[in-house]
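A short worksheet on the structure shown next.
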Amino acid sequence: MQNAKCKMQNGKRGDAGLPFSILHFAFCILHSAFHLSLPLLPERNPMKKLLLTLALTLFPVMAFAQTEIVVWHAYRGGEKTAFEKVVAQYNAGQKAIKVSSLAVPYDAFADKITAAVPRGKGPDIFIYAQDRLGGWVTAGNTIEPIDFYLDKKLTDRFIPSTLQAMTYRKTIYGLPLNYKVMTMIYNKALVKTPPTTTAELVKVAKANTNEASGRFGLVYWYSNWYYHAPLFNGFGGGVFDAAGKPIANNPGNVKSVELLMKWATKDKILPAEPSTALITSLFNEGKAAIVFSGPWFLEEVSPKIQYGLALLPTIDEAGKKPMRPWMTVEGVYIAAPSKKKDQAFEFAKYLTDTGATKILALEGSQSPANKAVYNDPQVAANGVLKAFRAQVDRAVPMPNVPEMTLMWGPVTTAMNAIVQKASTPKAALDKAQADMVAQIKKLKK
Amino acid sequence: MTAQPQLTVEEKRARLSGEHPATPPPDAGQPGPPLLHRVSVAVLLAALLGAGLLHWILVRSFKGATEERASRAAMIVARAAADVATAHGGEGEPLAAAMTAWQKEHKTVRAVRVANIDNRTIEASSFPEDLKEGEVPRRMQRPEKPLYDLGQELRANIEANVSEGNKREAEVSVERKPGGTLLIAAPIEKEGAVAGFAQVLSAPEIVSVSPPSPLFALAFALGPFVVIFALSFVWRGSNLLLVAIAALLLLVALFAYRQWAVKSLVDGAQEAEQRFAERVQREAEIVARVAPGAEANAKTWDADIHRTPLKVDPVQAVEGQKDAIAGAAYGISVLSLALLLFIGLGAAHRTGRALAQHRQAYSYIAPALLGMLFLVFFPFIYGFTLSFTGQTIYNVNQPLPEIWTGLQNYKEILGDFTVIKQTAGGGRAANYENFYYTLFFTIAWTVVNVAIGVTLGLLLALILNTKGLRGKTAYRVLLILPWAMPNFITALIWKGMFHRQFGVINHVLAIFGGTPVSWFEHPLTSFAAVVATNGWLSFPFMMVVSLGALQSISADLYEAARVDGASRWQQFTSITLPSLKPALIPAIILSVVWTFNMFNIIYLVSAGEPAHSTEILITQAYKLAFEQYRYGYASAYSVIIFGILLIYGVFQNRMTRATESIA
């Protein structure tokens, strides 16, 4: 444990090498000294406690027959409890591998991986969404390709699009564990039958909108590119083409933003300046009829509100094509510098199997990427899981190219300019495209 | 350094401080043996340091050039092996035979293998570890996963290079193995796609040209010393002049050594390059025997890891090393010159004496000094170094010298004057991302905020200072509240208040018949919103400072003024304001720095909207680093911010001193 903590301390941008290592080394010595001296302070029988501490410190050395696999994840609350249950179950089920899990705060997770793993200081396995995948592969020595381990039986286990999210440059880098996807969430008291087309959506929303009393028919963070994804994907737009080149101003994107602006200015069914706090409070006060959001939103919903989930409607303006949200997939990745890759892969297989994913689904409220788990009667009876499972068939994996991290700035600026009517959709997206091209060029020179 | 002779200054200083009233300082500088001795010691040490470092770099350059040639040779061999394998279709029995025959012709090749990634097979191999697992050709086993991954990586890299139209990814994999051997994998292409690779383990074969002996460096270093040493016996002039002569001699010697070093490097390269051409020729002959036809590619074998053929101009080949020596020579000269001056002018002597004299004091501050070194100076120097590189998210794992760009970042930031740009429609608009616009905005933001804070704070302090005011304590507590709350919470509350539909400010406007304002839609309203938030946060500090100072003004002054018939306004301008000055000026100076870097308010309230027009320098630097991932560029930006505040700091130091002398 002390060791694991020391490993973690070596976070952030440790590119400086030696001086950082010296600092880190000094810290670890101090840290260990502190741990060893702790039991001496308040205990009545200090000698006994010291011996115990020493024994615990030496324990991993003595138990050399068992391979220890360290897993980093960013789960909290129910998700964490469910995940730890799966780990405990795995450890109890066999003797050869001992898995220990460590929850790392989500905000720091990606940076810690970037800094620690390539220097061989990270975990054996880590779990994270696919949007950083390309970046880590490009940086090198971070994620192990697992194509070699895979066979058809294993790949058939997953919903195909989730496996596609784990693929970068035709190589598979992780086993998909869970996915997160947006869907339509409506207040059952206000909406009797959820709309299935945009025409119906506008109708229902208009009936539930009264700007003077602060009620809105459709509430979502439409100025955010992620929440706008169902529309632009529905119109056949996107941010990167198959070769990874930016296409922010393609006609599909422009049309999707024009439809959004029609909703905002002509139909007036959307509130101004949306933010997560505003959306949550409107929905919980019963002032929002329909929200487009994902599983994270459900945790915020007040128990007083009866909500239902339904598929995002089809878009009449795009030839009745469905809205296609972006899907993020949490992958189980094996760290490239790990010395225990085979054992790590065994655990990754176990983690994505039906038994483990059932626990994650039922107790952690996560949507597994495993197909078979949805045939389980208990899972099938869960309306929320079922709704997300239905939505995922219409979802598009969020791109995993390294340029993804650069996309947010330009498209956010563009969307803000558009919804504030400071710029036309076409002009704003043209500028976003030019900015992305320029920034990528600067990064890759 | 002053123009006066050293000794007079020293004498004056000693007399003024009264440190050594009885005896004059030992190095008072009368022409005599001990002093001159010091200059010759200085020149010897400085020259040894300079020449030693240059020699070290020269040896490294020789080694680097040799290693480069060795890997080029190994690359030729591996590319030839791949072409032999390609000629035999990348799989099958004849291929294995051809590889064996090919290896026989090479003394330096330890082992060769051909892997096919489409079939996941090892087609031919002379690696002992492969043969241990079973006869080839066969399917790859689990321990051979790295081979499969390597093949996939080469395939992905080549495909990426083709689709991007530039050669950014490595198309050949080079690994250095212990014992100086090189393991190189070159792709085998079939119908335009990568089907596998040939991997060759070979020992370095090009004989290195040995670097010059360190005696040359010693000779160059001893030159200036000998001259100064000889001169010291006859010298009767000033010490300073002698040091200047020593410095000149030192620089001349270092420059001469540099020229000589570069020349020897180029000579060595010329010799090695000749042997190299012969080597390629010989390889082509071998390949022609094993796989007739494949030798046609021989010209492209001598290439870099992107398979871009190299120019075989010997001077070009050592260009990198030459630049390294030339560049390092400047740094080294400065370093040895500094050492020469440090010792030669007696600074070393004085420092040593001070350290010995105040031993106790220095040992007390040593822990704090060490802490500062690691926690403040080290990150600072690292950031400063980073600002001279082109580090981005794509190359964080590369060593800094490889991505060194010199002053490029600074040029880009400071050299871009397009504050006004042409829009697509032919009109003109402010370029909000330009440095000078952001600087202008930051200054405007600082001035307006400090002005509001001071005015409001002073006004409230004057009111609170009214004699006989009831509930004074309660008012004071209430007015300090904004200061007591964490500023990011205040920022988020204000952001909510500025919401167009639900914000309280627009509601109040509506009550008075105004139309709702989209606060963050226009630069000016956005500016008003952030200034309001920051004004709310900054007046309590100014109020507290002024209130304290107000209470310390003696009532007698006002009484005397009243007796003389001064009006209230005259009392304020002639008594209150001048008495507040010593307290207010430091507070203003501090609050200027705080406001200049007030990250939270800008980032949380306006977030730079609209279109980065309300960005201050520090939020812009943050966005460059953590949204655009241009670490080097963002570091340069931060260094410039530091520079601005440093200039301001020097300026404010003068100001404070001025006020101190008044008070």
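Chains: A, B, ... in order of the structure tokens. Residues: from 1 per chain. Ligands: from 1, in order shown.
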
With 7 Å as the cut-off and only C-alpha atoms counted, what is the closest atom pair between each nearby residue of chain B and chain A? Distances in Å to one decimal, ordered by chain and number, as a Markdown table.
```
| residue | atom | partner | partner_atom | distance |
| --- | --- | --- | --- | --- |
| B:Lys145 | CA | A:Phe148 | CA | 6.3 |
| B:Tyr148 | CA | A:Phe148 | CA | 7.0 |
| B:Asp149 | CA | A:Pro145 | CA | 6.7 |
| B:Ala156 | CA | A:Arg169 | CA | 5.8 |
| B:Ser163 | CA | A:Ala243 | CA | 6.5 |
| B:Thr392 | CA | A:Leu443 | CA | 6.0 |
| B:Tyr394 | CA | A:Ala139 | CA | 6.1 |
| B:Asn395 | CA | A:Ala139 | CA | 6.8 |
| B:Asn397 | CA | A:Ala139 | CA | 6.7 |
| B:His499 | CA | A:Glu273 | CA | 6.9 |
| B:Arg500 | CA | A:Ala272 | CA | 6.6 |
| B:Gln501 | CA | A:Ala272 | CA | 6.2 |
| B:Glu521 | CA | A:Gln420 | CA | 6.0 |
| B:Ala611 | CA | A:Thr413 | CA | 6.0 |
| B:Glu627 | CA | A:Gly409 | CA | 6.4 |
| B:Gln628 | CA | A:Leu406 | CA | 5.6 |
| B:Arg630 | CA | A:Leu443 | CA | 7.0 |
```

Could the residues in this selection be saved with N, CA and C atoms as a CSV table (one decimal), in the first residue's frame?
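Saved the output as selection.csv:
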```
chain,number,residue,atom,x,y,z
B,145,LYS,N,3.9,-12.3,-28.8
B,145,LYS,CA,3.0,-11.2,-29.0
B,145,LYS,C,3.7,-9.9,-29.4
B,148,TYR,N,4.0,-9.5,-33.2
B,148,TYR,CA,2.8,-9.2,-33.8
B,148,TYR,C,2.5,-7.8,-33.7
B,149,ASP,N,2.6,-7.3,-32.4
B,149,ASP,CA,2.3,-5.9,-32.2
B,149,ASP,C,3.2,-4.9,-33.0
B,156,ALA,N,0.2,0.4,-39.1
B,156,ALA,CA,-0.6,1.6,-38.8
B,156,ALA,C,0.2,2.8,-39.1
B,163,SER,N,-2.0,8.5,-45.3
B,163,SER,CA,-3.2,9.3,-45.3
B,163,SER,C,-3.0,10.8,-44.9
B,392,THR,N,4.4,19.8,-27.2
B,392,THR,CA,3.0,19.7,-27.3
B,392,THR,C,2.6,18.4,-26.8
B,394,TYR,N,1.8,15.9,-28.3
B,394,TYR,CA,2.2,14.9,-29.2
B,394,TYR,C,3.7,14.4,-28.9
B,395,ASN,N,4.4,15.3,-28.3
B,395,ASN,CA,5.9,15.0,-28.1
B,395,ASN,C,6.3,15.1,-26.7
B,397,ASN,N,6.9,13.0,-24.6
B,397,ASN,CA,7.9,12.0,-24.2
B,397,ASN,C,9.3,12.1,-24.8
B,499,HIS,N,-27.5,35.5,-15.6
B,499,HIS,CA,-28.2,34.6,-16.6
B,499,HIS,C,-29.3,35.5,-17.2
B,500,ARG,N,-29.4,35.2,-18.6
B,500,ARG,CA,-30.4,36.1,-19.3
B,500,ARG,C,-31.8,35.9,-18.9
B,501,GLN,N,-32.2,34.6,-18.7
B,501,GLN,CA,-33.6,34.4,-18.4
B,501,GLN,C,-33.9,34.3,-16.9
B,521,GLU,N,-22.7,38.3,-24.3
B,521,GLU,CA,-22.8,38.2,-25.7
B,521,GLU,C,-22.0,39.3,-26.4
B,611,ALA,N,-16.0,34.9,-27.6
B,611,ALA,CA,-14.9,34.6,-28.5
B,611,ALA,C,-13.5,35.1,-27.9
B,627,GLU,N,-6.0,23.4,-23.1
B,627,GLU,CA,-7.1,23.2,-24.1
B,627,GLU,C,-6.5,23.0,-25.5
B,628,GLN,N,-5.4,23.7,-25.7
B,628,GLN,CA,-4.7,23.5,-27.0
B,628,GLN,C,-3.5,22.6,-26.9
B,630,ARG,N,-0.4,23.2,-26.1
B,630,ARG,CA,0.9,23.6,-26.6
B,630,ARG,C,1.7,24.1,-25.4
```

- Message: Would you pick out the contacts of segment 529-538 of chain B at 7 Å or less, using only C-alpha atoms, so that residues sharing its chain but fewer than 3 positions from it are not included, and give the list as an MDAnalysis selection string?
- Response: chainID B and resid 449 452:453 482:483 491 494 519 525:526 541 601:602 605:606

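Atom CA of Val545 of chain B is found 7.0 Å from atom CA of Leu584 of chain B.
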
- Item | Polymer residues at most 12 Å from Val109 of chain B, only C-alpha atoms, same-chain spacing of 5 or more positions, as number ranges by chain | B: 73-78, 81, 99-100, 102-104, 126-127, 181-184, 199-205

- Message: I'd like to know which residues of segment 233-377 of chain A are alpha helix (DSSP H) (by DSSP, run on the backbone); could you write them as JSON, numbers by chain?
- Response: {"A": [233, 234, 251, 252, 253, 254, 255, 256, 257, 258, 259, 260, 261, 276, 277, 278, 279, 280, 281, 282, 283, 284, 295, 296, 297, 298, 341, 342, 343, 344, 345, 346, 347, 348, 349, 350, 351, 354, 355, 356, 357, 358, 359, 360, 361, 362, 363, 364, 377]}

Could those selected residues go to a file with C-alpha atoms, as a PDB file, in the first residue's frame?
```pdb
ATOM      1  CA  ASN A 233     -24.739  12.782 -36.223  1.00  0.00           C
ATOM      2  CA  GLY A 234     -28.376  12.441 -37.313  1.00  0.00           C
ATOM      3  CA  PRO A 251     -23.063  20.416 -44.469  1.00  0.00           C
ATOM      4  CA  GLY A 252     -24.572  17.968 -41.942  1.00  0.00           C
ATOM      5  CA  ASN A 253     -23.212  19.972 -39.026  1.00  0.00           C
ATOM      6  CA  VAL A 254     -24.436  23.249 -40.494  1.00  0.00           C
ATOM      7  CA  LYS A 255     -27.951  21.864 -41.096  1.00  0.00           C
ATOM      8  CA  SER A 256     -28.096  20.430 -37.582  1.00  0.00           C
ATOM      9  CA  VAL A 257     -27.203  23.785 -36.042  1.00  0.00           C
ATOM     10  CA  GLU A 258     -29.784  25.503 -38.235  1.00  0.00           C
ATOM     11  CA  LEU A 259     -32.460  23.147 -36.922  1.00  0.00           C
ATOM     12  CA  LEU A 260     -31.333  23.866 -33.376  1.00  0.00           C
ATOM     13  CA  MET A 261     -31.579  27.603 -34.020  1.00  0.00           C
ATOM     14  CA  THR A 276     -26.098  21.646 -16.053  1.00  0.00           C
ATOM     15  CA  ALA A 277     -27.205  23.415 -12.874  1.00  0.00           C
ATOM     16  CA  LEU A 278     -30.043  25.170 -14.703  1.00  0.00           C
ATOM     17  CA  ILE A 279     -31.220  21.983 -16.419  1.00  0.00           C
ATOM     18  CA  THR A 280     -31.257  19.989 -13.217  1.00  0.00           C
ATOM     19  CA  SER A 281     -33.136  22.620 -11.277  1.00  0.00           C
ATOM     20  CA  LEU A 282     -35.735  23.144 -14.031  1.00  0.00           C
ATOM     21  CA  PHE A 283     -36.373  19.411 -14.303  1.00  0.00           C
ATOM     22  CA  ASN A 284     -36.572  18.942 -10.550  1.00  0.00           C
ATOM     23  CA  PRO A 295     -27.211   8.243 -16.929  1.00  0.00           C
ATOM     24  CA  TRP A 296     -25.277  10.859 -14.965  1.00  0.00           C
ATOM     25  CA  PHE A 297     -28.375  13.078 -15.041  1.00  0.00           C
ATOM     26  CA  LEU A 298     -30.601  10.430 -13.467  1.00  0.00           C
ATOM     27  CA  LYS A 341       0.176  -8.645 -19.152  1.00  0.00           C
ATOM     28  CA  ASP A 342      -1.093 -12.202 -19.538  1.00  0.00           C
ATOM     29  CA  GLN A 343      -2.535 -12.256 -16.035  1.00  0.00           C
ATOM     30  CA  ALA A 344      -3.900  -8.738 -16.507  1.00  0.00           C
ATOM     31  CA  PHE A 345      -5.672  -9.864 -19.644  1.00  0.00           C
ATOM     32  CA  GLU A 346      -7.204 -12.818 -17.765  1.00  0.00           C
ATOM     33  CA  PHE A 347      -8.726 -10.379 -15.302  1.00  0.00           C
ATOM     34  CA  ALA A 348      -9.882  -8.065 -18.097  1.00  0.00           C
ATOM     35  CA  LYS A 349     -11.684 -11.022 -19.659  1.00  0.00           C
ATOM     36  CA  TYR A 350     -13.302 -11.875 -16.341  1.00  0.00           C
ATOM     37  CA  LEU A 351     -14.353  -8.289 -15.781  1.00  0.00           C
ATOM     38  CA  THR A 354     -21.547 -11.865 -18.139  1.00  0.00           C
ATOM     39  CA  GLY A 355     -21.216 -12.628 -14.432  1.00  0.00           C
ATOM     40  CA  ALA A 356     -19.162  -9.578 -13.533  1.00  0.00           C
ATOM     41  CA  THR A 357     -21.027  -7.173 -15.798  1.00  0.00           C
ATOM     42  CA  LYS A 358     -24.319  -8.270 -14.258  1.00  0.00           C
ATOM     43  CA  ILE A 359     -23.097  -7.021 -10.884  1.00  0.00           C
ATOM     44  CA  LEU A 360     -21.861  -3.789 -12.440  1.00  0.00           C
ATOM     45  CA  ALA A 361     -25.209  -3.298 -14.159  1.00  0.00           C
ATOM     46  CA  LEU A 362     -27.521  -4.111 -11.273  1.00  0.00           C
ATOM     47  CA  GLU A 363     -25.517  -2.745  -8.366  1.00  0.00           C
ATOM     48  CA  GLY A 364     -23.467  -0.066 -10.093  1.00  0.00           C
ATOM     49  CA  PRO A 377     -34.041 -11.655 -16.474  1.00  0.00           C
TER      50      PRO A 377
END
```

From segment 142-253 of chain A, collect each residue whose DSSP state is strand (DSSP E or B) and return the set as a PDB file with N, CA and C atoms, in the first residue's frame.
```pdb
ATOM      1  N   ILE A 143      -0.569   2.208 -23.677  1.00  0.00           N
ATOM      2  CA  ILE A 143      -1.601   1.174 -23.792  1.00  0.00           C
ATOM      3  C   ILE A 143      -1.085   0.024 -24.652  1.00  0.00           C
ATOM      4  N   PHE A 158     -19.193  -8.642 -27.304  1.00  0.00           N
ATOM      5  CA  PHE A 158     -19.508  -7.232 -27.107  1.00  0.00           C
ATOM      6  C   PHE A 158     -20.449  -6.668 -28.170  1.00  0.00           C
ATOM      7  N   THR A 167     -11.029   0.603 -31.004  1.00  0.00           N
ATOM      8  CA  THR A 167     -10.129   0.351 -32.130  1.00  0.00           C
ATOM      9  C   THR A 167      -9.525   1.661 -32.610  1.00  0.00           C
ATOM     10  N   TYR A 168      -8.219   1.689 -32.704  1.00  0.00           N
ATOM     11  CA  TYR A 168      -7.538   2.866 -33.225  1.00  0.00           C
ATOM     12  C   TYR A 168      -6.561   2.388 -34.291  1.00  0.00           C
ATOM     13  N   THR A 171      -6.304  -1.348 -34.915  1.00  0.00           N
ATOM     14  CA  THR A 171      -5.800  -2.217 -33.861  1.00  0.00           C
ATOM     15  C   THR A 171      -6.682  -2.040 -32.629  1.00  0.00           C
ATOM     16  N   ILE A 172      -7.035  -3.146 -31.983  1.00  0.00           N
ATOM     17  CA  ILE A 172      -7.877  -3.060 -30.784  1.00  0.00           C
ATOM     18  C   ILE A 172      -6.982  -2.909 -29.560  1.00  0.00           C
ATOM     19  N   GLY A 174      -8.356  -2.299 -26.176  1.00  0.00           N
ATOM     20  CA  GLY A 174      -8.944  -2.563 -24.868  1.00  0.00           C
ATOM     21  C   GLY A 174     -10.231  -3.345 -25.015  1.00  0.00           C
ATOM     22  N   LEU A 175     -10.663  -3.938 -23.898  1.00  0.00           N
ATOM     23  CA  LEU A 175     -11.958  -4.615 -23.906  1.00  0.00           C
ATOM     24  C   LEU A 175     -12.996  -3.625 -23.402  1.00  0.00           C
ATOM     25  N   PRO A 176     -14.098  -3.452 -24.148  1.00  0.00           N
ATOM     26  CA  PRO A 176     -15.109  -2.493 -23.695  1.00  0.00           C
ATOM     27  C   PRO A 176     -15.819  -3.007 -22.442  1.00  0.00           C
ATOM     28  N   LEU A 177     -15.977  -2.143 -21.447  1.00  0.00           N
ATOM     29  CA  LEU A 177     -16.618  -2.558 -20.208  1.00  0.00           C
ATOM     30  C   LEU A 177     -18.032  -1.983 -20.124  1.00  0.00           C
ATOM     31  N   ASN A 178     -18.127  -0.674 -20.107  1.00  0.00           N
ATOM     32  CA  ASN A 178     -19.434  -0.015 -20.032  1.00  0.00           C
ATOM     33  C   ASN A 178     -19.516   1.040 -21.112  1.00  0.00           C
ATOM     34  N   TYR A 179     -20.717   1.451 -21.416  1.00  0.00           N
ATOM     35  CA  TYR A 179     -20.863   2.603 -22.297  1.00  0.00           C
ATOM     36  C   TYR A 179     -21.781   3.597 -21.621  1.00  0.00           C
ATOM     37  N   LYS A 180     -21.656   4.834 -22.026  1.00  0.00           N
ATOM     38  CA  LYS A 180     -22.565   5.878 -21.559  1.00  0.00           C
ATOM     39  C   LYS A 180     -23.096   6.580 -22.787  1.00  0.00           C
ATOM     40  N   VAL A 181     -24.404   6.804 -22.791  1.00  0.00           N
ATOM     41  CA  VAL A 181     -25.000   7.374 -23.977  1.00  0.00           C
ATOM     42  C   VAL A 181     -26.167   8.250 -23.541  1.00  0.00           C
ATOM     43  N   THR A 183     -29.938   9.893 -23.889  1.00  0.00           N
ATOM     44  CA  THR A 183     -31.229   9.469 -24.398  1.00  0.00           C
ATOM     45  C   THR A 183     -32.238  10.545 -24.019  1.00  0.00           C
ATOM     46  N   MET A 184     -33.525  10.249 -24.285  1.00  0.00           N
ATOM     47  CA  MET A 184     -34.535  11.256 -23.972  1.00  0.00           C
ATOM     48  C   MET A 184     -35.134  10.933 -22.611  1.00  0.00           C
ATOM     49  N   ILE A 185     -35.118  11.897 -21.704  1.00  0.00           N
ATOM     50  CA  ILE A 185     -35.673  11.711 -20.367  1.00  0.00           C
ATOM     51  C   ILE A 185     -36.838  12.685 -20.244  1.00  0.00           C
ATOM     52  N   TYR A 186     -38.016  12.191 -19.890  1.00  0.00           N
ATOM     53  CA  TYR A 186     -39.163  13.105 -19.841  1.00  0.00           C
ATOM     54  C   TYR A 186     -39.888  12.990 -18.515  1.00  0.00           C
ATOM     55  N   ASN A 187     -40.555  14.063 -18.166  1.00  0.00           N
ATOM     56  CA  ASN A 187     -41.346  14.132 -16.944  1.00  0.00           C
ATOM     57  C   ASN A 187     -42.710  13.508 -17.242  1.00  0.00           C
ATOM     58  N   THR A 197     -40.817  11.716 -33.258  1.00  0.00           N
ATOM     59  CA  THR A 197     -40.230  12.488 -34.361  1.00  0.00           C
ATOM     60  C   THR A 197     -40.010  13.906 -33.887  1.00  0.00           C
ATOM     61  N   ASN A 210     -43.753  27.980 -21.394  1.00  0.00           N
ATOM     62  CA  ASN A 210     -44.312  29.273 -21.041  1.00  0.00           C
ATOM     63  C   ASN A 210     -43.170  30.108 -20.481  1.00  0.00           C
ATOM     64  N   ARG A 215     -41.156  28.012 -17.758  1.00  0.00           N
ATOM     65  CA  ARG A 215     -41.334  26.595 -18.096  1.00  0.00           C
ATOM     66  C   ARG A 215     -40.862  26.376 -19.534  1.00  0.00           C
ATOM     67  N   PHE A 216     -40.167  25.270 -19.748  1.00  0.00           N
ATOM     68  CA  PHE A 216     -39.669  24.997 -21.091  1.00  0.00           C
ATOM     69  C   PHE A 216     -39.929  23.556 -21.480  1.00  0.00           C
ATOM     70  N   GLY A 217     -40.271  23.359 -22.747  1.00  0.00           N
ATOM     71  CA  GLY A 217     -40.634  22.027 -23.232  1.00  0.00           C
ATOM     72  C   GLY A 217     -39.411  21.141 -23.409  1.00  0.00           C
ATOM     73  N   LEU A 218     -38.327  21.725 -23.895  1.00  0.00           N
ATOM     74  CA  LEU A 218     -37.128  20.938 -24.167  1.00  0.00           C
ATOM     75  C   LEU A 218     -35.938  21.634 -23.516  1.00  0.00           C
ATOM     76  N   VAL A 219     -35.279  20.920 -22.621  1.00  0.00           N
ATOM     77  CA  VAL A 219     -34.177  21.523 -21.882  1.00  0.00           C
ATOM     78  C   VAL A 219     -32.967  20.623 -21.998  1.00  0.00           C
ATOM     79  N   PHE A 240     -14.536  14.466 -37.279  1.00  0.00           N
ATOM     80  CA  PHE A 240     -13.378  13.945 -38.001  1.00  0.00           C
ATOM     81  C   PHE A 240     -13.853  12.949 -39.052  1.00  0.00           C
ATOM     82  N   PRO A 246     -10.154  16.979 -39.628  1.00  0.00           N
ATOM     83  CA  PRO A 246     -11.317  17.693 -39.108  1.00  0.00           C
ATOM     84  C   PRO A 246     -12.305  18.062 -40.214  1.00  0.00           C
TER      85      PRO A 246
END
```

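Proximity to Ala199 of chain A was assessed for A:Leu385, A:Pro425, A:Glu317, A:Gly331 counting only C-alpha atoms; the smallest distance is recorded for A:Glu317.
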
- Just the residues within 12 Å of Leu58 of chain B, please, counting only C-alpha atoms, with nothing from its chain fewer than 3 positions along; format it as number ranges by chain. B: 51-55, 61-65, 210-214, 216-217, 257-266, 268, 318, 321-326, 328-329

Find the spatial neighbours of Gly223 of chain B, counting only C-alpha atoms, within a cut-off of 12 Å - ignore same-chain residues fewer than 6 positions away - and output them as a compact mmCIF listing (two decimals) with N, CA and C atoms, in the first residue's frame.
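The file below, out.txt, is the result:
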```txt
# COMPACT_ATOMS: atom_id res chain seq x y z
N SER B 40 45.86 34.55 -12.33
CA SER B 40 46.33 33.39 -13.10
C SER B 40 45.60 32.12 -12.68
N VAL B 43 42.26 32.30 -14.47
CA VAL B 43 42.30 31.99 -15.90
C VAL B 43 42.56 30.51 -16.13
N LEU B 44 43.37 29.91 -15.24
CA LEU B 44 43.63 28.48 -15.40
C LEU B 44 42.36 27.67 -15.20
N ALA B 47 39.76 28.33 -18.00
CA ALA B 47 40.14 27.72 -19.28
C ALA B 47 40.00 26.20 -19.20
N LEU B 48 40.39 25.64 -18.05
CA LEU B 48 40.25 24.19 -17.90
C LEU B 48 38.78 23.80 -17.99
N ALA B 51 37.57 24.43 -21.79
CA ALA B 51 38.12 23.47 -22.74
C ALA B 51 37.66 22.05 -22.38
N PHE B 216 44.89 17.73 -26.37
CA PHE B 216 44.68 18.94 -27.18
C PHE B 216 43.93 19.98 -26.37
N ALA B 217 42.89 19.53 -25.68
CA ALA B 217 42.09 20.44 -24.87
C ALA B 217 42.97 21.07 -23.81
N PHE B 229 50.42 33.99 -16.44
CA PHE B 229 51.35 33.65 -15.38
C PHE B 229 52.67 34.41 -15.59
N ALA B 230 53.14 34.39 -16.83
CA ALA B 230 54.39 35.09 -17.15
C ALA B 230 54.21 36.59 -16.95
N ALA B 246 43.08 38.72 -19.48
CA ALA B 246 42.87 37.28 -19.26
C ALA B 246 41.60 36.81 -19.93
N LEU B 249 42.09 36.59 -23.67
CA LEU B 249 42.89 35.41 -24.01
C LEU B 249 42.05 34.13 -23.91
N LEU B 250 41.26 34.07 -22.85
CA LEU B 250 40.41 32.89 -22.63
C LEU B 250 39.45 32.69 -23.79
N LEU B 251 38.79 33.78 -24.19
CA LEU B 251 37.82 33.67 -25.27
C LEU B 251 38.49 33.28 -26.56
N VAL B 252 39.65 33.85 -26.84
CA VAL B 252 40.37 33.51 -28.06
C VAL B 252 40.71 32.01 -28.05
N ALA B 253 41.20 31.53 -26.91
CA ALA B 253 41.58 30.11 -26.83
C ALA B 253 40.37 29.21 -27.04
N LEU B 254 39.25 29.57 -26.40
CA LEU B 254 38.06 28.73 -26.54
C LEU B 254 37.55 28.74 -27.98
N ALA B 256 39.31 29.26 -30.68
CA ALA B 256 40.24 28.47 -31.50
C ALA B 256 39.98 26.98 -31.31
N TYR B 257 39.74 26.61 -30.07
CA TYR B 257 39.50 25.19 -29.81
C TYR B 257 38.21 24.73 -30.49
```

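Put simply, atom CA of Leu459 of chain B is 17.1 Å away from atom CA of Leu481 of chain B.
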
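Taking atom CA of Phe377 of chain B and atom CA of Leu645 of chain B as endpoints, the distance between them is 16.8 Å.
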